[in-house]
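See structure below.
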There are 4 protein chains.
Amino acid sequence: MSLNTFGHLFRVTTWGESHGPAIGCTVDGCPPGIALTEADIQPWLDKRKPGQNKFTTQRKEPDEVRILSGVFEGRTTGTAIQLMIENTDQRSKDYGDIAQAFRPGHADITYHQKYGHRDYRGGGRSSARETAARVAAGGVARAALAALLPGMRITGYMVQMGPHAIDRSRVDLNIVGDNPFWCPDPVAATDWAAFLDALRLSHNSVGAVIEVIAEGVPPGLGAPLYGKLDSDLASAMMSINAVKAVEIGDGMAAATLTGVDNADEIRMGPNGPEFLSNHAGGILGGISTGQPVICRFAVKPTSSILTPRQTINQRGEEIDLITKGRHDPCVGIRAVPVGEAMMACVLLDHLLLDRGQTGGLRGILG
Amino acid sequence: MSLNTFGHLFRVTTWGESHGPAIGCTVDGCPPGIALTEADIQPWLDKRKPGQNKFTTQRKEPDEVRILSGVFEGRTTGTAIQLMIENTDQRSKDYGDIAQAFRPGHADITYHQKYGHRDYRGGGRSSARETAARVAAGGVARAALAALLPGMRITGYMVQMGPHAIDRSRVDLNIVGDNPFWCPDPVAATDWAAFLDALRLSHNSVGAVIEVIAEGVPPGLGAPLYGKLDSDLASAMMSINAVKAVEIGDGMAAATLTGVDNADEIRMGPNGPEFLSNHAGGILGGISTGQPVICRFAVKPTSSILTPRQTINQRGEEIDLITKGRHDPCVGIRAVPVGEAMMACVLLDHLLLDRGQTGGLRGILG
Amino acid sequence: MSLNTFGHLFRVTTWGESHGPAIGCTVDGCPPGIALTEADIQPWLDKRKPGQNKFTTQRKEPDEVRILSGVFEGRTTGTAIQLMIENTDQRSKDYGDIAQAFRPGHADITYHQKYGHRDYRGGGRSSARETAARVAAGGVARAALAALLPGMRITGYMVQMGPHAIDRSRVDLNIVGDNPFWCPDPVAATDWAAFLDALRLSHNSVGAVIEVIAEGVPPGLGAPLYGKLDSDLASAMMSINAVKAVEIGDGMAAATLTGVDNADEIRMGPNGPEFLSNHAGGILGGISTGQPVICRFAVKPTSSILTPRQTINQRGEEIDLITKGRHDPCVGIRAVPVGEAMMACVLLDHLLLDRGQTGGLRGILG
Amino acid sequence: MSLNTFGHLFRVTTWGESHGPAIGCTVDGCPPGIALTEADIQPWLDKRKPGQNKFTTQRKEPDEVRILSGVFEGRTTGTAIQLMIENTDQRSKDYGDIAQAFRPGHADITYHQKYGHRDYRGGGRSSARETAARVAAGGVARAALAALLPGMRITGYMVQMGPHAIDRSRVDLNIVGDNPFWCPDPVAATDWAAFLDALRLSHNSVGAVIEVIAEGVPPGLGAPLYGKLDSDLASAMMSINAVKAVEIGDGMAAATLTGVDNADEIRMGPNGPEFLSNHAGGILGGISTGQPVICRFAVKPTSSILTPRQTINQRGEEIDLITKGRHDPCVGIRAVPVGEAMMACVLLDHLLLDRGQTGGLRGILG
């Protein structure tokens with residue numbers, strides 16, 4: 001089962017390889033009547049676009065999205081929306097020498113073992129280029145969310161690069177677009193620039209932690225068990241290339257807390273329940289509480305580096321391999337808009353699921 | 001969408017509430033001809049059974065599983081297997097006083113807001129009692145895996161209780177059954193006993209980190225994107241009650257590594273490729289490498305504690321609440337067999353998916 | 001893939017064999033807050049119950065349904081509803097002699113070939129006894145529909161027994177419960193009684209055509225292509241044991257019409273569009289029109305007959321086989337409440353799907 | 001829920017409108033290593049291509065398919081295959097006058113009511129043009145089937161046009177490509193030409209019945225209940241535009257048979273079981289028997305005719321409407337390759353599902 005689809009009612013099916021003619025996705029189940037043009041999607045792709053500074057791959061891709069179906073006279077029709085992005089800068093020669101080699105940390109060896117045949121050019125289907133399709137789908141989800149939940153806001157940012165975490169006391173979400181790292185801490189952003197430049201010049205790379213927050217999510221999205229909002233977020237984020245961990249709220253740190261400390265106590269505010277803390281990350285029992293939904297994920301360092309690593313090739317020969325090409329020294333940077341897109345898709349999906357089952361019914365308080 | 005089902009081909013649908021007459025699950029898609037009786041499932045339930053020592057809830061449940069369908073003359077028929085566990089020790093009086101109150105850290109408030117109507121007895125559907133059904137389903141998965149992948153072994157254990165992690169140099173997986181914590185480090189096990197006893201007596205609780213390892217997983221299970229083995233593991237583990245984070249391989253720590261360090265270098269061994277390290281946790285590009293598959297998850301502290309916490313009730317009144325009843329001071333302990341069960345279900349599902357698409361074809365090396 | 005589940009948002013998973021301890025189903029995705037007790041479901045099971053007259057099997061089953069989960073204090077909670085019906089009259093001795101034989105027209109040979117191992121008692125999983133679980137699920141769907149679409153009415157009836165069709169000019173839906181055949185034509189009902197009695201005494205059986213009509217279905221349920229209302233009805237009805245054909249509206253006869261005759265012309269009525277005919281059976285382009293939804297299906301004759309038929313056994317020996325036991329001479333009779341149940345499940349599912357995607361938005365006319 | 005996907009493991013998601021820039025589909029779950037180029041798919045599209053004779057629409061579409069992903073160096077990689085067909089002959093002016101009108105027999109009114117907004121050009125998403133994407137997907141399925149089941153053959157043909165059925169004694173499947181109607185009876189083919197020409201000139205259209213037969217299907221494909229082979233075929237065929245009924249084997253006529261006549265008796269042949277008849281259409285209990293799988297479906301007459309019909313427009317005004325444009329007088333003709341494509345997709349899907357669950361295990365006979 002190849003399973004290139006995610007989502008329940010708002011469902012995204014992606015396709016395409018790094019060096020094929022195009023990549024794209026089919027967005028199915030979008031509500032009808034939503035205002036949508038390419039101009040609503042393009043800005044999100046531009047956030048993820050390669051080659052914008054020295055900290056991301058120098059591949060030049062305009063990443064221009066075309067809507068091929070499902071939109072008529074500027075509004076969605078409720079039928080399948082096809083989004084296509086042509087690949088324009090496919091330098092296959094960059095990759096010719098690794099056609100038979102298995103790059104350590106890459107899916108080359110597992111694709112070979114599973115399928116026996118793979119598009120080796122630039123990673124083929126396993127390339128992070130696939131995430132452009134997710135960002136495009138996220139653009140559609142955001143347009144629908146803007147209509148259905150006008151006050152909702154999704155923001156992604158990097159909270160750690162290698163061992164260097166931000167200082168939470170300095171966080172300002174309004175500045176995340178002002179530096180190349182989507183960093184909300186201005187001091188960390190400066191430090192990271194020097195740190196990453198040195199790594200890059202030493203032919204190395206590094207991992208990162210991304211946080212995505214959704215504010216203005218109403219209570220009641222999600223479900224008790226296998227359609228949990230957090231379970232679907234975990235699946236969505238872990239499906240992004242290079243992600244190795246997903247946290248909700250306090251995440252791994254929840255293990256260190258006591259029950260007394262972890263309890264998000266509740267008081268009555270003027271507009272309903274108010275929580276005195278948010279260890280839960282806005283989700284209890286799989287269902288949103290109305291607090292900000294907070295999700296973090298760890299991205300491993302870029303596996304494509306200019307430092308030689310030991311590996312084998314398809315003939316079973318042991319070799320040393322340098323991965324040339326145009327690679328991100330910290331692939332976590334471009335994962336920020338991808339994480340935002342996945343959050344948007346999951347939230348819209350659960351909004352539709354909830355109104356499907358409950359009709360938007362909400363339990364009465366007071 | 002309630003969505004009480006997980007899995008693609010091997011699919012488990014659970015049902016039941018903490019204080020209803022019974023809980024159970026339908027296991028669909030199991031291969032036919034697998035030897036299976038209640039005696040194959042019961043030992044896994046016994047591992048999870050409450051009341052076995054002072055560190056778990058004193059609720060007395062024999063948790064005896066009955067097979068109601070899908071098995072004939074001791075072997076699976078390939079049709080739906082219904083497993084039922086009767087609830088025998090439902091002391092509803094324990095819970096009567098919280099019928100209208102929202103226990104902090106529990107799903108009471110979100111269930112109320114979403115559904116407007118809930119079975120409040122013992123958490124109802126949100127009770128960790130549901131995990132007994134998962135463990136029973138995992139028993140079926142293990143029986144099928146024993147037939148299809150005889151050398152495969154799944155082991156779960158606790159690697160951290162509160163702030164106290166094990167010492168990896170002392171790990172011995174053969175002793176995890178010798179202490180109440182499924183702890184593979186004998187020193188930590190002793191320390192945790194004192195630590196948890198003190199917490200329990202102070203009316204508090206604590207979180208934990210569980211690790212589940214699967215050895216003997218063949219390469220080739222999983223898929224590139226939304227059917228990734230790691231994505232499905234993340235979803236499966238995050239769907240367990242009280243889980244707030246999931247890690248694969250190095251997990252969150254992958255963010256701190258450089259590309260040079262993170263590369264799991266490959267050499268040729270006598271039986272095929274051998275990796276010199278396993279930062280990846282046995283999964284590359286969503287597909288198993290043949291190395292041990294390693295998954296960790298964090299369990300938050302039990303929210304039901306005897307220390308009063310501030311909250312509200314359905315009438316919108318602010319109250320202080322003590323959650324009486326028979327609760328685990330560290331619910332992570334009983335999450336160990338649950339994590340094992342989810343690992344078994346996910347691996348069997350992907351084994352069936354793989355032979356569905358590829359027929360078990362494996363790429364040739366050498 | 002065993003796939004014992006149908007439905008998208010309102011999803012039913014059935015389990016159980018003819019001669020196992022029980023049969024049942026999990027109903028998932030039901031809206032919360034729906035009034036539901038066993039008494040709401042039992043009447044539909046009683047319609048299908050065997051042994052009510054000489055024209056159905058003499059097996060005595062009270063078919064008493066128990067709700068094991070998902071309902072609290074008389075209302076659905078929005079979580080999984082487990083329904084169980086115990087088997088009480090399992091005379092396994094009736095079936096012992098056919099354990100190794102493949103009854104012609106039955107699934108014995110195909111189950112054996114696919115699974116290599118089957119519960120042969122009374123057909124095991126392939127027994128029409130499974131339809132009791134569908135009828136129970138349909139009872140839940142009807143309860144939800146009664147709340148969400150109060151004016152909607154589903155009626156099933158037999159329109160043909162063997163070669164003998166009803167006379168449409170005599171149809172009165174109010175009399176379908178007055179004869180053993182759910183026949184809306186009083187003259188046909190009398191004729192069928194004599195016809196079927198003679199067949200029964202001659203150790204034979206006969207097929208039938210069932211029609212199910214849903215009145216009061218709002219426009220807008222369904223979807224353009226693979227989630228078409230008619231496509232889902234076709235799948236649902238064809239999944240009933242012994243069904244060999246499904247028709248929507250004019251069905252097969254649509255092939256004989258010209259475009260001029262087939263056009264259901266539209267006029268404006270006081271409450272919106274009115275169609276001058278209903279060749280379409282209430283569905284255009286996969287979406288309901290607001291007219292009655294009309295579905296028919298053909299049920300083959302009962303394969304279990306006392307007349308010897310040539311067949312083979314598992315040892316590959318050629319034998320002549322008489323199928324003893326307690327069988328319906330026209331299994332179509334008891335298919336009537338089953339068809340109604342499937343209609344109810346499909347309509348509720350599409351009602352939830354529609355409000356999920358569109359929020360119940362309806363295009364403006366005028 | 002828009003649900004533009006069908007299939008379980010071999011899954012096809014279609015997209016595109018009649019007058020948009022292109023249509024296409026994503027084919028997911030195809031086995032890897034299957035030889036595939038555009039030249040393997042194009043012949044099937046050419047069979048369905050419009051404008052080949054006076055009996056089909058005069059729209060000129062080359063219907064050239066492009067493979068955009070999932071195939072590398074002439075073989076499938078096991079990842080998502082994107083197929084795109086550009087629309088080149090979109091004369092939107094043909095349709096401008098019906099932008100606000102609801103053509104009787106078309107989905108105009110139901111799309112409007114459900115979505116409030118639709119692409120009215122040429123039927124938009126409801127146009128039978130969508131079936132080109134199915135035929136392309138079917139081409140992929142056929143390529144995989146050719147590799148996995150080399151002896152299997154799928155043949156579609158028209159068995160009835162309007163009231164004129166073929167004479168079964170004259171059937172020769174080798175001549176179906178020799179006349180414009182895919183008719184296997186040479187006499188009927190001649191008669192139909194005259195009949196249809198007269199209808200066409202009188203501004204009328206007519207329905208048809210298509211039969212699709214699959215020979216060489218092994219026993220064991222399918223599943224007992226909701227994943228039945230016949231249930232999935234019913235869903236697949238009913239999802240084709242204008243289809244109003246689906247039959248398996250004897251279909252509706254099964255209702256008229258007695259149990260004695262309907263029993264497909266079994267004898268032992270040199271290569272295993274042999275059936276003396278095939279009333280069942282090759283499927284018992286949802287699972288293939290090894291006999292030819294036979295499926296029929298009725299296609300209603302083309303609704304777009306030059307004879308005026310009464311209807312209303314979006315403003316609620318009553319009008320008389322002539323549907324100009326380039327329409328098929330018998331849309332059933334071009335449904336033949338579509339039915340074949342759906343049969344190929346369903347059979348491949350079930351082949352993969354079967355080997356997923358059973359590993360291709362077959363019960364032993366003798």
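Lettering and numbering for the structure tokens are positional, with chains as A, B, ... in the shown order, residues counted from 1 in each chain, and ligands counted from 1 in the shown order.
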(Q) If we count only C-alpha atoms and set the cut-off at 7 Å, which residues sit around Arg134 of chain D, ignoring sequence neighbours fewer than 3 positions away in its own chain? Please answer as an MDAnalysis selection string. (A) chainID D and resid 131 137:138 338 341
Just write the chosen residues, C-alpha atoms, as a PDB file, in the first residue's frame.
```pdb
ATOM      1  CA  THR D 131     -14.456   8.596 -17.490  1.00  0.00           C
ATOM      2  CA  ALA D 137      -6.310   4.168 -14.578  1.00  0.00           C
ATOM      3  CA  GLY D 138      -7.693   0.978 -16.015  1.00  0.00           C
ATOM      4  CA  VAL D 338     -15.130   2.469 -19.080  1.00  0.00           C
ATOM      5  CA  ALA D 341     -11.497  -0.229 -16.906  1.00  0.00           C
TER       6      ALA D 341
END
```
So that each row is one residue of chain B with an atom at most 12 Å from chain D, can you give its shortest atom pair and the distance in Å to one decimal, using only C-alpha atoms, rows by chain and rising number, as a Markdown table?
```
| residue | atom | partner | partner_atom | distance |
| --- | --- | --- | --- | --- |
| B:His8 | CA | D:His8 | CA | 9.1 |
| B:Leu9 | CA | D:Gln357 | CA | 7.4 |
| B:Phe10 | CA | D:Gln357 | CA | 8.3 |
| B:Arg11 | CA | D:Gln357 | CA | 11.4 |
| B:Asp28 | CA | D:Gln357 | CA | 10.1 |
| B:Gly29 | CA | D:Gln357 | CA | 6.4 |
| B:Cys30 | CA | D:Gln357 | CA | 6.7 |
| B:Pro31 | CA | D:Gln357 | CA | 5.1 |
| B:Pro32 | CA | D:Thr358 | CA | 6.5 |
| B:Gly33 | CA | D:Thr358 | CA | 9.1 |
| B:Ile34 | CA | D:Thr358 | CA | 10.6 |
| B:Thr76 | CA | D:Thr358 | CA | 11.4 |
| B:Thr77 | CA | D:Thr358 | CA | 10.5 |
| B:Gly78 | CA | D:Gln357 | CA | 8.0 |
| B:Thr79 | CA | D:Pro224 | CA | 7.8 |
| B:Ala80 | CA | D:Pro224 | CA | 10.0 |
| B:Ala144 | CA | D:Gln357 | CA | 10.9 |
| B:Leu148 | CA | D:Gly359 | CA | 10.0 |
| B:Gly222 | CA | D:Gly78 | CA | 12.0 |
| B:Ala223 | CA | D:Thr79 | CA | 8.7 |
| B:Pro224 | CA | D:Thr79 | CA | 7.7 |
| B:Leu225 | CA | D:Thr79 | CA | 9.4 |
| B:Tyr226 | CA | D:Thr79 | CA | 11.5 |
| B:Gly227 | CA | D:Gly29 | CA | 10.9 |
| B:Leu348 | CA | D:Gln357 | CA | 10.3 |
| B:Asp349 | CA | D:Gly356 | CA | 9.2 |
| B:His350 | CA | D:Gly356 | CA | 9.4 |
| B:Leu351 | CA | D:Gly356 | CA | 8.0 |
| B:Leu352 | CA | D:Gly356 | CA | 4.5 |
| B:Leu353 | CA | D:Gly356 | CA | 5.7 |
| B:Asp354 | CA | D:Gly356 | CA | 7.2 |
| B:Arg355 | CA | D:Gly356 | CA | 5.2 |
| B:Gly356 | CA | D:Gly356 | CA | 3.7 |
| B:Gln357 | CA | D:Pro31 | CA | 5.1 |
| B:Thr358 | CA | D:Pro31 | CA | 5.4 |
| B:Gly359 | CA | D:Arg355 | CA | 7.0 |
| B:Gly360 | CA | D:Gly359 | CA | 9.2 |
| B:Leu361 | CA | D:Pro32 | CA | 9.0 |
| B:Arg362 | CA | D:Pro32 | CA | 10.5 |
| B:Gly363 | CA | D:Gly33 | CA | 10.3 |
```
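Nearest residue to Ala194 of chain A, choosing from A:His112, A:Ile266, A:Thr37, A:Phe55 and counting only C-alpha atoms: A:Phe55.
A straight line drawn from atom CA of Asp261 of chain C to atom CA of Thr307 of chain D is 10.7 Å long.
Residues surrounding Ala133 of chain B within 10 Å are Val12, Thr13, Thr14, Trp15, Gly16, Ile23, Gly24, Cys25, Thr26, Leu45, Asp63, Val65, Leu83, Met84, Ile85, Gly139, Val338 and Ala341 of chain B [only C-alpha atoms; sequence separation below 6 positions excluded].
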Next, write the just-selected residues to a file, as a compact mmCIF listing (two decimals), in the first residue's frame, keeping all heavy atoms as the atom set.
```txt
# COMPACT_ATOMS: atom_id res chain seq x y z
N VAL B 12 -8.53 -2.81 13.83
CA VAL B 12 -9.08 -3.04 15.15
C VAL B 12 -10.10 -1.95 15.47
O VAL B 12 -9.78 -0.76 15.34
CB VAL B 12 -7.96 -3.04 16.21
CG1 VAL B 12 -8.54 -3.24 17.60
CG2 VAL B 12 -6.93 -4.11 15.89
N THR B 13 -11.30 -2.35 15.84
CA THR B 13 -12.35 -1.42 16.23
C THR B 13 -12.69 -1.70 17.69
O THR B 13 -13.14 -2.80 18.01
CB THR B 13 -13.60 -1.62 15.36
OG1 THR B 13 -13.25 -1.42 13.99
CG2 THR B 13 -14.71 -0.66 15.74
N THR B 14 -12.44 -0.73 18.57
CA THR B 14 -12.73 -1.00 19.98
C THR B 14 -14.03 -0.33 20.41
O THR B 14 -14.49 0.62 19.79
CB THR B 14 -11.58 -0.55 20.91
OG1 THR B 14 -11.63 0.87 21.10
CG2 THR B 14 -10.23 -0.96 20.37
N TRP B 15 -14.59 -0.84 21.48
CA TRP B 15 -15.86 -0.31 22.01
C TRP B 15 -15.88 -0.53 23.52
O TRP B 15 -15.15 -1.36 24.04
CB TRP B 15 -17.05 -1.01 21.34
CG TRP B 15 -17.01 -2.50 21.46
CD1 TRP B 15 -16.42 -3.38 20.60
CD2 TRP B 15 -17.54 -3.30 22.53
NE1 TRP B 15 -16.56 -4.66 21.05
CE2 TRP B 15 -17.25 -4.65 22.24
CE3 TRP B 15 -18.25 -3.00 23.70
CZ2 TRP B 15 -17.63 -5.69 23.09
CZ3 TRP B 15 -18.63 -4.05 24.55
CH2 TRP B 15 -18.33 -5.38 24.23
N GLY B 16 -16.72 0.22 24.19
CA GLY B 16 -16.94 -0.05 25.60
C GLY B 16 -16.49 1.07 26.53
O GLY B 16 -15.55 1.81 26.22
N ILE B 23 -16.27 -4.41 27.72
CA ILE B 23 -15.52 -3.70 26.68
C ILE B 23 -15.01 -4.76 25.71
O ILE B 23 -15.06 -5.96 25.99
CB ILE B 23 -14.33 -2.91 27.25
CG1 ILE B 23 -13.34 -3.84 27.95
CG2 ILE B 23 -14.80 -1.81 28.19
CD1 ILE B 23 -12.04 -3.18 28.30
N GLY B 24 -14.52 -4.31 24.56
CA GLY B 24 -14.02 -5.30 23.62
C GLY B 24 -13.58 -4.67 22.33
O GLY B 24 -13.42 -3.45 22.21
N CYS B 25 -13.34 -5.54 21.35
CA CYS B 25 -12.94 -5.04 20.05
C CYS B 25 -13.23 -6.08 18.97
O CYS B 25 -13.35 -7.27 19.24
CB CYS B 25 -11.45 -4.68 20.02
SG CYS B 25 -10.34 -6.04 20.34
N THR B 26 -13.35 -5.58 17.75
CA THR B 26 -13.44 -6.43 16.57
C THR B 26 -12.11 -6.34 15.85
O THR B 26 -11.65 -5.24 15.52
CB THR B 26 -14.56 -5.95 15.63
OG1 THR B 26 -15.75 -5.79 16.38
CG2 THR B 26 -14.78 -6.94 14.51
N LEU B 45 -3.10 -9.74 28.57
CA LEU B 45 -4.04 -9.00 29.42
C LEU B 45 -3.60 -9.07 30.88
O LEU B 45 -3.74 -8.10 31.62
CB LEU B 45 -5.45 -9.57 29.27
CG LEU B 45 -6.17 -9.12 28.01
CD1 LEU B 45 -7.38 -10.00 27.74
CD2 LEU B 45 -6.59 -7.66 28.14
N ASP B 63 -10.30 -9.45 33.98
CA ASP B 63 -10.01 -9.18 32.56
C ASP B 63 -9.90 -10.47 31.76
O ASP B 63 -8.92 -10.71 31.05
CB ASP B 63 -8.72 -8.36 32.43
CG ASP B 63 -8.98 -6.87 32.59
OD1 ASP B 63 -10.15 -6.48 32.70
OD2 ASP B 63 -8.00 -6.10 32.62
N VAL B 65 -10.77 -12.62 28.73
CA VAL B 65 -11.21 -12.37 27.37
C VAL B 65 -11.96 -13.57 26.83
O VAL B 65 -11.61 -14.72 27.10
CB VAL B 65 -10.00 -12.03 26.47
CG1 VAL B 65 -9.07 -13.22 26.29
CG2 VAL B 65 -10.46 -11.50 25.12
N LEU B 83 -13.66 -9.92 20.34
CA LEU B 83 -13.11 -10.20 21.67
C LEU B 83 -13.89 -9.39 22.69
O LEU B 83 -14.09 -8.19 22.51
CB LEU B 83 -11.63 -9.79 21.71
CG LEU B 83 -10.74 -10.43 20.64
CD1 LEU B 83 -9.34 -9.83 20.70
CD2 LEU B 83 -10.67 -11.94 20.82
N MET B 84 -14.32 -10.04 23.76
CA MET B 84 -15.10 -9.34 24.76
C MET B 84 -14.53 -9.59 26.16
O MET B 84 -14.15 -10.71 26.48
CB MET B 84 -16.57 -9.78 24.73
CG MET B 84 -17.45 -8.97 25.68
SD MET B 84 -19.22 -9.26 25.43
CE MET B 84 -19.39 -10.87 26.19
N ILE B 85 -14.47 -8.53 26.94
CA ILE B 85 -14.01 -8.60 28.32
C ILE B 85 -15.10 -8.00 29.19
O ILE B 85 -15.43 -6.81 29.04
CB ILE B 85 -12.70 -7.80 28.51
CG1 ILE B 85 -11.59 -8.35 27.61
CG2 ILE B 85 -12.27 -7.81 29.97
CD1 ILE B 85 -10.42 -7.40 27.43
N GLY B 139 -2.73 -9.24 21.22
CA GLY B 139 -2.51 -10.68 21.37
C GLY B 139 -2.80 -11.43 20.08
O GLY B 139 -2.08 -12.37 19.71
N VAL B 338 0.47 -1.98 26.72
CA VAL B 338 -0.35 -1.32 25.70
C VAL B 338 0.52 -0.89 24.52
O VAL B 338 0.18 -1.09 23.35
CB VAL B 338 -1.12 -0.12 26.29
CG1 VAL B 338 -2.00 0.53 25.23
CG2 VAL B 338 -1.94 -0.55 27.50
N ALA B 341 1.39 -3.80 22.47
CA ALA B 341 0.25 -4.24 21.65
C ALA B 341 0.12 -3.37 20.40
O ALA B 341 -0.12 -3.88 19.30
CB ALA B 341 -1.04 -4.19 22.47
```
Q | Test item, strand (DSSP E) assignment across segment 37-74 of chain A, answer as a PyMOL selection string | A | chain A and resi 65-67+71-72
Emit the selected residues as a CSV table (one decimal), in the first residue's frame, including all heavy atoms.
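Written file, selection-v4.csv:
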```csv
chain,number,residue,atom,x,y,z
A,65,VAL,N,2.3,27.5,-8.5
A,65,VAL,CA,1.2,26.6,-8.4
A,65,VAL,C,0.1,26.9,-9.5
A,65,VAL,O,-0.1,28.1,-9.7
A,65,VAL,CB,0.6,26.5,-7.0
A,65,VAL,CG1,-0.1,27.8,-6.7
A,65,VAL,CG2,-0.3,25.3,-6.9
A,66,ARG,N,-0.4,25.9,-10.1
A,66,ARG,CA,-1.5,26.1,-11.0
A,66,ARG,C,-2.7,25.2,-10.4
A,66,ARG,O,-2.6,24.1,-10.0
A,66,ARG,CB,-1.2,25.5,-12.4
A,66,ARG,CG,-0.4,26.4,-13.2
A,66,ARG,CD,-0.2,25.9,-14.6
A,66,ARG,NE,-1.5,25.9,-15.4
A,66,ARG,CZ,-1.7,25.0,-16.4
A,66,ARG,NH1,-0.8,24.2,-16.8
A,66,ARG,NH2,-2.9,25.1,-17.0
A,67,ILE,N,-3.9,25.8,-10.4
A,67,ILE,CA,-5.1,25.1,-10.1
A,67,ILE,C,-5.7,24.6,-11.4
A,67,ILE,O,-6.1,25.3,-12.3
A,67,ILE,CB,-6.1,26.1,-9.4
A,67,ILE,CG1,-5.5,26.7,-8.1
A,67,ILE,CG2,-7.4,25.4,-9.1
A,67,ILE,CD1,-6.4,27.8,-7.5
A,71,VAL,N,-12.1,24.6,-9.0
A,71,VAL,CA,-12.3,26.0,-8.7
A,71,VAL,C,-12.9,26.6,-9.9
A,71,VAL,O,-12.4,26.4,-11.0
A,71,VAL,CB,-11.0,26.7,-8.3
A,71,VAL,CG1,-11.3,28.2,-8.1
A,71,VAL,CG2,-10.4,26.1,-7.0
A,72,PHE,N,-14.0,27.4,-9.8
A,72,PHE,CA,-14.6,28.0,-10.9
A,72,PHE,C,-15.0,29.4,-10.6
A,72,PHE,O,-15.6,29.7,-9.5
A,72,PHE,CB,-15.9,27.2,-11.3
A,72,PHE,CG,-16.6,27.7,-12.5
A,72,PHE,CD1,-16.0,27.7,-13.8
A,72,PHE,CD2,-17.9,28.1,-12.4
A,72,PHE,CE1,-16.6,28.1,-14.9
A,72,PHE,CE2,-18.6,28.6,-13.6
A,72,PHE,CZ,-17.9,28.6,-14.8
```
Q. Within 7 Å of Ala136 of chain D, counting only C-alpha atoms, which residues qualify if same-chain residues fewer than 4 places away don't, as a ChimeraX atom specification?
A. /D:41,45,132,140
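Going from atom CA of Ala298 of chain D over to atom CA of Ala245 of chain D, you cover 5.3 Å.
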Q | 9 Å contact set for Ala242 of chain D, only C-alpha atoms, chain neighbours under 3 positions out, as a PyMOL selection string | A | (chain C and resi 284-285) or (chain D and resi 128+238-239+298-303+331-332)
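The environment of His164 of chain B within 9 Å, counting only C-alpha atoms and disregarding residues fewer than 5 places along the same chain, consists of Thr256 of chain A; Val159, Ala188, Asp191, Trp192 and Ala208 of chain B.
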Requested write-out: C-alpha atoms of the selected residues, as a PDB file, in the first residue's frame:
```
ATOM      1  CA  THR A 256       8.818  14.528  34.447  1.00  0.00           C
TER       2      THR A 256
ATOM      3  CA  VAL B 159      13.043   4.042  30.656  1.00  0.00           C
ATOM      4  CA  ALA B 188      16.526   2.246  38.748  1.00  0.00           C
ATOM      5  CA  ASP B 191      15.001   3.688  43.247  1.00  0.00           C
ATOM      6  CA  TRP B 192      11.643   4.073  41.513  1.00  0.00           C
ATOM      7  CA  ALA B 208       6.946   8.206  32.601  1.00  0.00           C
TER       8      ALA B 208
END
```
Q) Which residues come within 6 Å of Thr323 of chain C, counting only C-alpha atoms, excluding same-chain residues fewer than 2 positions away, as a ChimeraX atom specification? A) /C:304-306
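Atom pair atom CA of Pro219 of chain A / atom CA of Lys244 of chain B has a distance of 18.5 Å (rounded to one decimal).
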Q. Looking at A:His106, A:Lys54, A:Arg309, A:Arg168, which one is nearest to Ala193 of chain A, with distances taken over only C-alpha atoms?
A. A:Lys54
Q: Please return as a ChimeraX atom specification: the residues of segment 121-157 of chain A that backbone DSSP assigns to helix (DSSP H, G or I).
A: /A:121-126,128-148
